[in-house]
Amino acid sequence: MVKKMDCLFCKIIEGSIPSRTLYEDDIVKVIMDVNPNANGHVLVLPKKHITDFEELDGETIAHIHGVAKDMKKLLYKALNPDGLVLVNNYGITQVIKHYHLHLIPVYKKKQEIIDRNVIYEKIMNVK
């Protein structure tokens, strides 16, 4: 089991590792994925070190999904995708053992992945 002090996402949340943060409150931090599957791929991270979804209380999961809905609106306004995939990996498919929700925009027309800093600026400019 990964301990909080060894967790990459905990280090991002505390600020010891920089991130492209789109949103933050007392419960979550939303960042650009460093290795995106699509332009606008973001992660919703609970600030509390939670290994998997079974540890989430109802209030936290509701908050995560409420923020995801707000991020969906922002992504649609900034990037105009044709759909959105929400993914939560568990077990061997979970690379970083800190619960996180992926929001991955989908586009009808295949897009080349462009620099995430460019995408970040596009998103931040529509806020």
# chains A, B, ... in the order shown; residues from 1 in each chain; ligands from 1
>>> residues_around(residues="Met71 in chain A", least_positions_apart="5", cutoff="10 Å", atoms="only C-alpha atoms", output="ChimeraX atom specification")
/A:22-23,30,42-44,65-66,76-77,103,123
>>> residues_around(residues="range 92-101 of chain A", least_positions_apart="2", cutoff="10 Å", atoms="only C-alpha atoms", output="number ranges by chain")
A: 1-4, 7-10, 28-30, 42-56, 64-65, 68, 86-90, 103-104
>>> write_last_selection(atoms="C-alpha atoms", output="short mmCIF file (atom, residue, chain, number, x, y, z; two decimals), in the first residue's frame")
data_model
loop_
_atom_site.label_atom_id
_atom_site.label_comp_id
_atom_site.auth_asym_id
_atom_site.auth_seq_id
_atom_site.Cartn_x
_atom_site.Cartn_y
_atom_site.Cartn_z
CA MET A 1 0.00 0.00 0.00
CA VAL A 2 1.29 3.46 -0.92
CA LYS A 3 1.64 5.77 2.05
CA LYS A 4 0.62 9.40 1.80
CA CYS A 7 2.00 9.39 -3.11
CA LEU A 8 2.55 11.47 -6.26
CA PHE A 9 -0.95 12.99 -6.09
CA CYS A 10 -0.55 13.92 -2.41
CA VAL A 28 -10.62 18.40 -4.29
CA LYS A 29 -8.03 19.63 -6.72
CA VAL A 30 -8.56 19.40 -10.50
CA VAL A 42 -8.20 16.30 -16.55
CA LEU A 43 -8.14 14.56 -13.16
CA VAL A 44 -10.30 15.25 -10.13
CA LEU A 45 -8.26 14.41 -7.02
CA PRO A 46 -9.67 14.27 -3.50
CA LYS A 47 -7.27 16.07 -1.17
CA LYS A 48 -7.60 13.35 1.44
CA HIS A 49 -5.41 10.35 0.59
CA ILE A 50 -7.96 7.75 -0.43
CA THR A 51 -6.68 4.63 -2.14
CA ASP A 52 -9.84 3.52 -3.93
CA PHE A 53 -13.53 4.23 -4.36
CA GLU A 54 -14.57 1.85 -1.58
CA GLU A 55 -13.06 4.27 0.95
CA LEU A 56 -15.06 7.27 -0.29
CA ILE A 64 -16.25 14.92 -6.73
CA HIS A 65 -19.07 14.33 -9.22
CA ALA A 68 -16.83 16.89 -12.52
CA LEU A 86 -15.37 9.48 -17.02
CA VAL A 87 -12.95 6.79 -15.82
CA ASN A 88 -11.97 5.48 -12.42
CA ASN A 89 -9.34 2.74 -12.42
CA TYR A 90 -9.15 0.17 -9.66
CA LEU A 103 -12.50 13.34 -17.44
CA ILE A 104 -11.44 12.60 -21.01
#
>>> closest_residue(among="A:Glu24, A:Asn37, A:Ile17, A:Asp70", to="Arg116 in chain A", atoms="only C-alpha atoms")
A:Asn37
>>> select_by_dssp(residues="chain A", states="alpha helix (DSSP H)", output="PyMOL selection string")
chain A and resi 8-14+58-79+116-124
>>> write_last_selection(atoms="N, CA and C atoms", output="CSV table (one decimal), in the first residue's frame")
chain,number,residue,atom,x,y,z
A,8,LEU,N,2.3,10.4,-5.3
A,8,LEU,CA,2.5,11.5,-6.3
A,8,LEU,C,1.4,12.5,-6.2
A,9,PHE,N,0.2,12.0,-6.1
A,9,PHE,CA,-0.9,13.0,-6.1
A,9,PHE,C,-1.0,13.8,-4.8
A,10,CYS,N,-0.6,13.2,-3.7
A,10,CYS,CA,-0.6,13.9,-2.4
A,10,CYS,C,0.5,15.0,-2.5
A,11,LYS,N,1.6,14.7,-3.2
A,11,LYS,CA,2.7,15.7,-3.4
A,11,LYS,C,2.2,16.9,-4.3
A,12,ILE,N,1.4,16.6,-5.3
A,12,ILE,CA,0.8,17.6,-6.1
A,12,ILE,C,-0.2,18.4,-5.3
A,13,ILE,N,-1.0,17.8,-4.6
A,13,ILE,CA,-2.0,18.5,-3.8
A,13,ILE,C,-1.4,19.4,-2.8
A,14,GLU,N,-0.3,19.0,-2.1
A,14,GLU,CA,0.4,19.8,-1.1
A,14,GLU,C,1.2,20.9,-1.8
A,58,GLY,N,-20.1,9.1,1.1
A,58,GLY,CA,-21.1,9.7,0.1
A,58,GLY,C,-21.0,11.1,-0.2
A,59,GLU,N,-20.6,11.9,0.9
A,59,GLU,CA,-20.5,13.3,0.7
A,59,GLU,C,-19.3,13.7,-0.2
A,60,THR,N,-18.2,13.0,-0.1
A,60,THR,CA,-17.0,13.2,-0.9
A,60,THR,C,-17.3,12.8,-2.3
A,61,ILE,N,-17.9,11.7,-2.6
A,61,ILE,CA,-18.1,11.2,-3.9
A,61,ILE,C,-19.1,12.1,-4.6
A,62,ALA,N,-20.1,12.6,-3.9
A,62,ALA,CA,-21.1,13.6,-4.4
A,62,ALA,C,-20.4,14.9,-4.8
A,63,HIS,N,-19.4,15.3,-4.0
A,63,HIS,CA,-18.7,16.5,-4.3
A,63,HIS,C,-17.8,16.3,-5.5
A,64,ILE,N,-17.1,15.2,-5.6
A,64,ILE,CA,-16.3,14.9,-6.7
A,64,ILE,C,-17.1,15.0,-8.0
A,65,HIS,N,-18.2,14.4,-8.0
A,65,HIS,CA,-19.1,14.3,-9.2
A,65,HIS,C,-19.7,15.7,-9.5
A,66,GLY,N,-20.0,16.5,-8.5
A,66,GLY,CA,-20.5,17.8,-8.7
A,66,GLY,C,-19.4,18.7,-9.4
A,67,VAL,N,-18.2,18.6,-8.9
A,67,VAL,CA,-17.1,19.3,-9.5
A,67,VAL,C,-16.8,18.8,-11.0
A,68,ALA,N,-17.0,17.5,-11.2
A,68,ALA,CA,-16.8,16.9,-12.5
A,68,ALA,C,-17.9,17.5,-13.5
A,69,LYS,N,-19.1,17.7,-13.0
A,69,LYS,CA,-20.1,18.3,-13.8
A,69,LYS,C,-19.7,19.8,-14.2
A,70,ASP,N,-19.2,20.5,-13.2
A,70,ASP,CA,-18.7,21.9,-13.5
A,70,ASP,C,-17.6,21.8,-14.5
A,71,MET,N,-16.6,20.9,-14.4
A,71,MET,CA,-15.5,20.8,-15.3
A,71,MET,C,-16.0,20.4,-16.7
A,72,LYS,N,-17.0,19.6,-16.8
A,72,LYS,CA,-17.5,19.2,-18.1
A,72,LYS,C,-18.0,20.4,-18.8
A,73,LYS,N,-18.7,21.3,-18.1
A,73,LYS,CA,-19.2,22.5,-18.7
A,73,LYS,C,-18.1,23.4,-19.2
A,74,LEU,N,-17.0,23.5,-18.4
A,74,LEU,CA,-15.9,24.3,-18.7
A,74,LEU,C,-15.1,23.7,-19.9
A,75,LEU,N,-15.0,22.4,-20.0
A,75,LEU,CA,-14.3,21.7,-21.1
A,75,LEU,C,-15.1,21.9,-22.4
A,76,TYR,N,-16.4,21.8,-22.3
A,76,TYR,CA,-17.2,21.9,-23.5
A,76,TYR,C,-17.2,23.4,-24.0
A,77,LYS,N,-17.2,24.3,-23.1
A,77,LYS,CA,-17.1,25.7,-23.5
A,77,LYS,C,-15.7,26.1,-24.1
A,78,ALA,N,-14.7,25.5,-23.6
A,78,ALA,CA,-13.3,25.9,-24.0
A,78,ALA,C,-12.9,25.1,-25.2
A,79,LEU,N,-13.3,23.8,-25.3
A,79,LEU,CA,-12.7,22.9,-26.3
A,79,LEU,C,-13.7,22.3,-27.3
A,116,ARG,N,-0.1,20.5,-23.5
A,116,ARG,CA,-1.1,20.7,-22.4
A,116,ARG,C,-1.2,22.1,-21.9
A,117,ASN,N,0.0,22.8,-22.0
A,117,ASN,CA,0.0,24.2,-21.6
A,117,ASN,C,-0.9,25.1,-22.5
A,118,VAL,N,-1.0,24.8,-23.8
A,118,VAL,CA,-1.9,25.5,-24.7
A,118,VAL,C,-3.3,25.2,-24.3
A,119,ILE,N,-3.6,23.9,-24.1
A,119,ILE,CA,-5.0,23.5,-23.7
A,119,ILE,C,-5.4,24.2,-22.3
A,120,TYR,N,-4.4,24.2,-21.4
A,120,TYR,CA,-4.7,24.8,-20.1
A,120,TYR,C,-5.0,26.3,-20.3
A,121,GLU,N,-4.3,27.0,-21.1
A,121,GLU,CA,-4.6,28.4,-21.4
A,121,GLU,C,-6.0,28.6,-22.0
A,122,LYS,N,-6.3,27.7,-22.9
A,122,LYS,CA,-7.7,27.8,-23.6
A,122,LYS,C,-8.7,27.6,-22.5
A,123,ILE,N,-8.6,26.7,-21.6
A,123,ILE,CA,-9.6,26.4,-20.6
A,123,ILE,C,-9.6,27.6,-19.6
A,124,MET,N,-8.5,28.1,-19.2
A,124,MET,CA,-8.5,29.2,-18.2
A,124,MET,C,-9.0,30.5,-18.8
>>> residues_around(residues="His41 in chain A", least_positions_apart="6", cutoff="9 Å", atoms="only C-alpha atoms", output="tab-separated table (two decimals) with N, CA and C atoms, in the first residue's frame")
chain	number	residue	atom	x	y	z
A	31	ILE	N	-6.66	18.89	-11.91
A	31	ILE	CA	-5.43	19.18	-12.63
A	31	ILE	C	-5.48	18.63	-14.05
A	32	MET	N	-4.64	19.20	-14.90
A	32	MET	CA	-4.45	18.65	-16.24
A	32	MET	C	-3.65	17.36	-16.10
A	33	ASP	N	-4.04	16.33	-16.85
A	33	ASP	CA	-3.28	15.09	-16.86
A	33	ASP	C	-1.95	15.33	-17.56
A	34	VAL	N	-0.86	14.88	-16.97
A	34	VAL	CA	0.47	15.13	-17.52
A	34	VAL	C	0.72	14.27	-18.77
A	35	ASN	N	0.02	13.15	-18.91
A	35	ASN	CA	0.11	12.28	-20.09
A	35	ASN	C	-1.30	12.08	-20.65
A	102	HIS	N	-10.89	10.49	-13.90
A	102	HIS	CA	-10.46	11.05	-15.19
A	102	HIS	C	-11.67	11.61	-15.92
A	103	LEU	N	-11.53	12.79	-16.49
A	103	LEU	CA	-12.50	13.34	-17.44
A	103	LEU	C	-11.75	13.45	-18.76
A	104	ILE	N	-12.16	12.67	-19.74
A	104	ILE	CA	-11.44	12.60	-21.01
A	104	ILE	C	-12.38	13.02	-22.14
A	105	PRO	N	-12.15	14.20	-22.72
A	105	PRO	CA	-12.97	14.63	-23.84
A	105	PRO	C	-12.80	13.70	-25.05
A	116	ARG	N	-0.09	20.49	-23.46
A	116	ARG	CA	-1.13	20.68	-22.43
A	116	ARG	C	-1.15	22.10	-21.90
>>> atom_distance(atom1="CA of Asp57 in chain A", atom2="CA of Asp26 in chain A")
15.4 Å
>>> atom_distance(atom1="CA of Pro18 in chain A", atom2="CA of Val85 in chain A")
25.3 Å
>>> closest_residue(among="A:Ser16, A:Asp25, A:Asn80, A:Gln111", to="Val126 in chain A", atoms="only C-alpha atoms")
A:Asn80
>>> closest_residue(among="A:Gly83, A:Met5, A:Thr21, A:Asn39", to="Ile113 in chain A", atoms="only C-alpha atoms")
A:Asn39
>>> select_by_dssp(residues="chain A", states="strand (DSSP E)", output="ChimeraX atom specification")
/A:21-24,28-32,42-46,83-87,101-106
>>> write_last_selection(atoms="N, CA and C atoms", output="mmCIF file, in the first residue's frame")
data_model
loop_
_atom_site.group_PDB
_atom_site.id
_atom_site.type_symbol
_atom_site.label_atom_id
_atom_site.label_comp_id
_atom_site.auth_asym_id
_atom_site.auth_seq_id
_atom_site.Cartn_x
_atom_site.Cartn_y
_atom_site.Cartn_z
ATOM 1 N N THR A 21 -3.314 23.488 -12.394
ATOM 2 C CA THR A 21 -4.549 23.366 -11.623
ATOM 3 C C THR A 21 -5.660 24.187 -12.259
ATOM 4 N N LEU A 22 -6.793 23.538 -12.501
ATOM 5 C CA LEU A 22 -7.968 24.202 -13.074
ATOM 6 C C LEU A 22 -8.942 24.658 -12.002
ATOM 7 N N TYR A 23 -8.964 23.923 -10.893
ATOM 8 C CA TYR A 23 -9.916 24.228 -9.823
ATOM 9 C C TYR A 23 -9.394 23.609 -8.532
ATOM 10 N N GLU A 24 -9.708 24.284 -7.415
ATOM 11 C CA GLU A 24 -9.317 23.743 -6.118
ATOM 12 C C GLU A 24 -10.246 24.280 -5.051
ATOM 13 N N VAL A 28 -11.225 18.930 -3.067
ATOM 14 C CA VAL A 28 -10.622 18.396 -4.290
ATOM 15 C C VAL A 28 -9.671 19.393 -4.944
ATOM 16 N N LYS A 29 -8.872 18.842 -5.832
ATOM 17 C CA LYS A 29 -8.031 19.635 -6.722
ATOM 18 C C LYS A 29 -8.206 19.027 -8.113
ATOM 19 N N VAL A 30 -8.404 19.871 -9.123
ATOM 20 C CA VAL A 30 -8.559 19.403 -10.503
ATOM 21 C C VAL A 30 -7.337 19.859 -11.282
ATOM 22 N N ILE A 31 -6.655 18.887 -11.906
ATOM 23 C CA ILE A 31 -5.429 19.183 -12.632
ATOM 24 C C ILE A 31 -5.482 18.634 -14.051
ATOM 25 N N MET A 32 -4.642 19.202 -14.896
ATOM 26 C CA MET A 32 -4.450 18.652 -16.235
ATOM 27 C C MET A 32 -3.648 17.361 -16.099
ATOM 28 N N VAL A 42 -8.438 15.773 -17.889
ATOM 29 C CA VAL A 42 -8.202 16.295 -16.548
ATOM 30 C C VAL A 42 -8.477 15.225 -15.490
ATOM 31 N N LEU A 43 -7.949 15.470 -14.294
ATOM 32 C CA LEU A 43 -8.136 14.562 -13.163
ATOM 33 C C LEU A 43 -8.745 15.318 -12.002
ATOM 34 N N VAL A 44 -9.733 14.711 -11.358
ATOM 35 C CA VAL A 44 -10.299 15.252 -10.128
ATOM 36 C C VAL A 44 -9.714 14.416 -8.988
ATOM 37 N N LEU A 45 -8.943 15.082 -8.117
ATOM 38 C CA LEU A 45 -8.257 14.409 -7.018
ATOM 39 C C LEU A 45 -8.848 14.823 -5.678
ATOM 40 N N PRO A 46 -9.299 13.877 -4.864
ATOM 41 C CA PRO A 46 -9.669 14.269 -3.505
ATOM 42 C C PRO A 46 -8.391 14.628 -2.748
ATOM 43 N N GLY A 83 -18.059 14.535 -26.828
ATOM 44 C CA GLY A 83 -18.450 13.637 -25.750
ATOM 45 C C GLY A 83 -17.415 13.697 -24.640
ATOM 46 N N LEU A 84 -17.681 12.943 -23.596
ATOM 47 C CA LEU A 84 -16.787 12.940 -22.445
ATOM 48 C C LEU A 84 -16.833 11.563 -21.791
ATOM 49 N N VAL A 85 -15.666 11.028 -21.497
ATOM 50 C CA VAL A 85 -15.563 9.744 -20.809
ATOM 51 C C VAL A 85 -15.098 10.006 -19.385
ATOM 52 N N LEU A 86 -15.790 9.424 -18.413
ATOM 53 C CA LEU A 86 -15.370 9.476 -17.019
ATOM 54 C C LEU A 86 -14.824 8.100 -16.669
ATOM 55 N N VAL A 87 -13.609 8.064 -16.116
ATOM 56 C CA VAL A 87 -12.948 6.789 -15.818
ATOM 57 C C VAL A 87 -12.393 6.811 -14.407
ATOM 58 N N LEU A 101 -10.564 10.695 -10.506
ATOM 59 C CA LEU A 101 -11.538 10.554 -11.574
ATOM 60 C C LEU A 101 -11.001 11.253 -12.808
ATOM 61 N N HIS A 102 -10.890 10.492 -13.900
ATOM 62 C CA HIS A 102 -10.459 11.050 -15.186
ATOM 63 C C HIS A 102 -11.671 11.610 -15.915
ATOM 64 N N LEU A 103 -11.528 12.794 -16.493
ATOM 65 C CA LEU A 103 -12.499 13.336 -17.439
ATOM 66 C C LEU A 103 -11.745 13.455 -18.759
ATOM 67 N N ILE A 104 -12.163 12.666 -19.740
ATOM 68 C CA ILE A 104 -11.442 12.601 -21.007
ATOM 69 C C ILE A 104 -12.380 13.017 -22.141
ATOM 70 N N PRO A 105 -12.146 14.199 -22.718
ATOM 71 C CA PRO A 105 -12.974 14.632 -23.842
ATOM 72 C C PRO A 105 -12.803 13.697 -25.048
ATOM 73 N N VAL A 106 -13.876 13.571 -25.811
ATOM 74 C CA VAL A 106 -13.879 12.750 -27.021
ATOM 75 C C VAL A 106 -14.284 13.661 -28.178
#
>>> closest_residue(among="A:Pro81, A:Gly40, A:Lys127, A:Asp6", to="Arg20 in chain A", atoms="only C-alpha atoms")
A:Gly40
>>> decode(residues="range 20-47 of chain A", atoms="N, CA and C atoms", output="compact mmCIF listing (two decimals), in the first residue's frame")
# COMPACT_ATOMS: atom_id res chain seq x y z
N ARG A 20 -0.78 21.87 -13.36
CA ARG A 20 -1.66 22.83 -14.03
C ARG A 20 -3.03 22.65 -13.38
N THR A 21 -3.31 23.49 -12.39
CA THR A 21 -4.55 23.37 -11.62
C THR A 21 -5.66 24.19 -12.26
N LEU A 22 -6.79 23.54 -12.50
CA LEU A 22 -7.97 24.20 -13.07
C LEU A 22 -8.94 24.66 -12.00
N TYR A 23 -8.96 23.92 -10.89
CA TYR A 23 -9.92 24.23 -9.82
C TYR A 23 -9.39 23.61 -8.53
N GLU A 24 -9.71 24.28 -7.41
CA GLU A 24 -9.32 23.74 -6.12
C GLU A 24 -10.25 24.28 -5.05
N ASP A 25 -10.62 23.42 -4.11
CA ASP A 25 -11.36 23.82 -2.93
C ASP A 25 -10.85 23.00 -1.76
N ASP A 26 -11.57 22.96 -0.66
CA ASP A 26 -11.10 22.23 0.53
C ASP A 26 -11.11 20.72 0.36
N ILE A 27 -11.87 20.22 -0.62
CA ILE A 27 -12.05 18.77 -0.77
C ILE A 27 -11.30 18.19 -1.95
N VAL A 28 -11.22 18.93 -3.07
CA VAL A 28 -10.62 18.40 -4.29
C VAL A 28 -9.67 19.39 -4.94
N LYS A 29 -8.87 18.84 -5.83
CA LYS A 29 -8.03 19.63 -6.72
C LYS A 29 -8.21 19.03 -8.11
N VAL A 30 -8.40 19.87 -9.12
CA VAL A 30 -8.56 19.40 -10.50
C VAL A 30 -7.34 19.86 -11.28
N ILE A 31 -6.66 18.89 -11.91
CA ILE A 31 -5.43 19.18 -12.63
C ILE A 31 -5.48 18.63 -14.05
N MET A 32 -4.64 19.20 -14.90
CA MET A 32 -4.45 18.65 -16.24
C MET A 32 -3.65 17.36 -16.10
N ASP A 33 -4.04 16.33 -16.85
CA ASP A 33 -3.28 15.09 -16.86
C ASP A 33 -1.95 15.33 -17.56
N VAL A 34 -0.86 14.88 -16.97
CA VAL A 34 0.47 15.13 -17.52
C VAL A 34 0.72 14.27 -18.77
N ASN A 35 0.02 13.15 -18.91
CA ASN A 35 0.11 12.28 -20.09
C ASN A 35 -1.30 12.08 -20.65
N PRO A 36 -1.87 13.12 -21.26
CA PRO A 36 -3.28 13.05 -21.66
C PRO A 36 -3.57 12.05 -22.77
N ASN A 37 -4.75 11.44 -22.67
CA ASN A 37 -5.26 10.57 -23.73
C ASN A 37 -5.96 11.38 -24.81
N ALA A 38 -6.32 12.63 -24.48
CA ALA A 38 -7.01 13.53 -25.40
C ALA A 38 -6.76 14.96 -24.94
N ASN A 39 -6.95 15.90 -25.83
CA ASN A 39 -6.83 17.31 -25.46
C ASN A 39 -7.92 17.65 -24.44
N GLY A 40 -7.50 18.14 -23.28
CA GLY A 40 -8.44 18.49 -22.23
C GLY A 40 -8.62 17.42 -21.17
N HIS A 41 -7.81 16.37 -21.20
CA HIS A 41 -7.88 15.28 -20.21
C HIS A 41 -7.50 15.84 -18.84
N VAL A 42 -8.44 15.77 -17.89
CA VAL A 42 -8.20 16.30 -16.55
C VAL A 42 -8.48 15.23 -15.49
N LEU A 43 -7.95 15.47 -14.29
CA LEU A 43 -8.14 14.56 -13.16
C LEU A 43 -8.75 15.32 -12.00
N VAL A 44 -9.73 14.71 -11.36
CA VAL A 44 -10.30 15.25 -10.13
C VAL A 44 -9.71 14.42 -8.99
N LEU A 45 -8.94 15.08 -8.12
CA LEU A 45 -8.26 14.41 -7.02
C LEU A 45 -8.85 14.82 -5.68
N PRO A 46 -9.30 13.88 -4.86
CA PRO A 46 -9.67 14.27 -3.50
C PRO A 46 -8.39 14.63 -2.75
N LYS A 47 -8.45 15.64 -1.91
CA LYS A 47 -7.27 16.07 -1.17
C LYS A 47 -6.89 15.07 -0.08
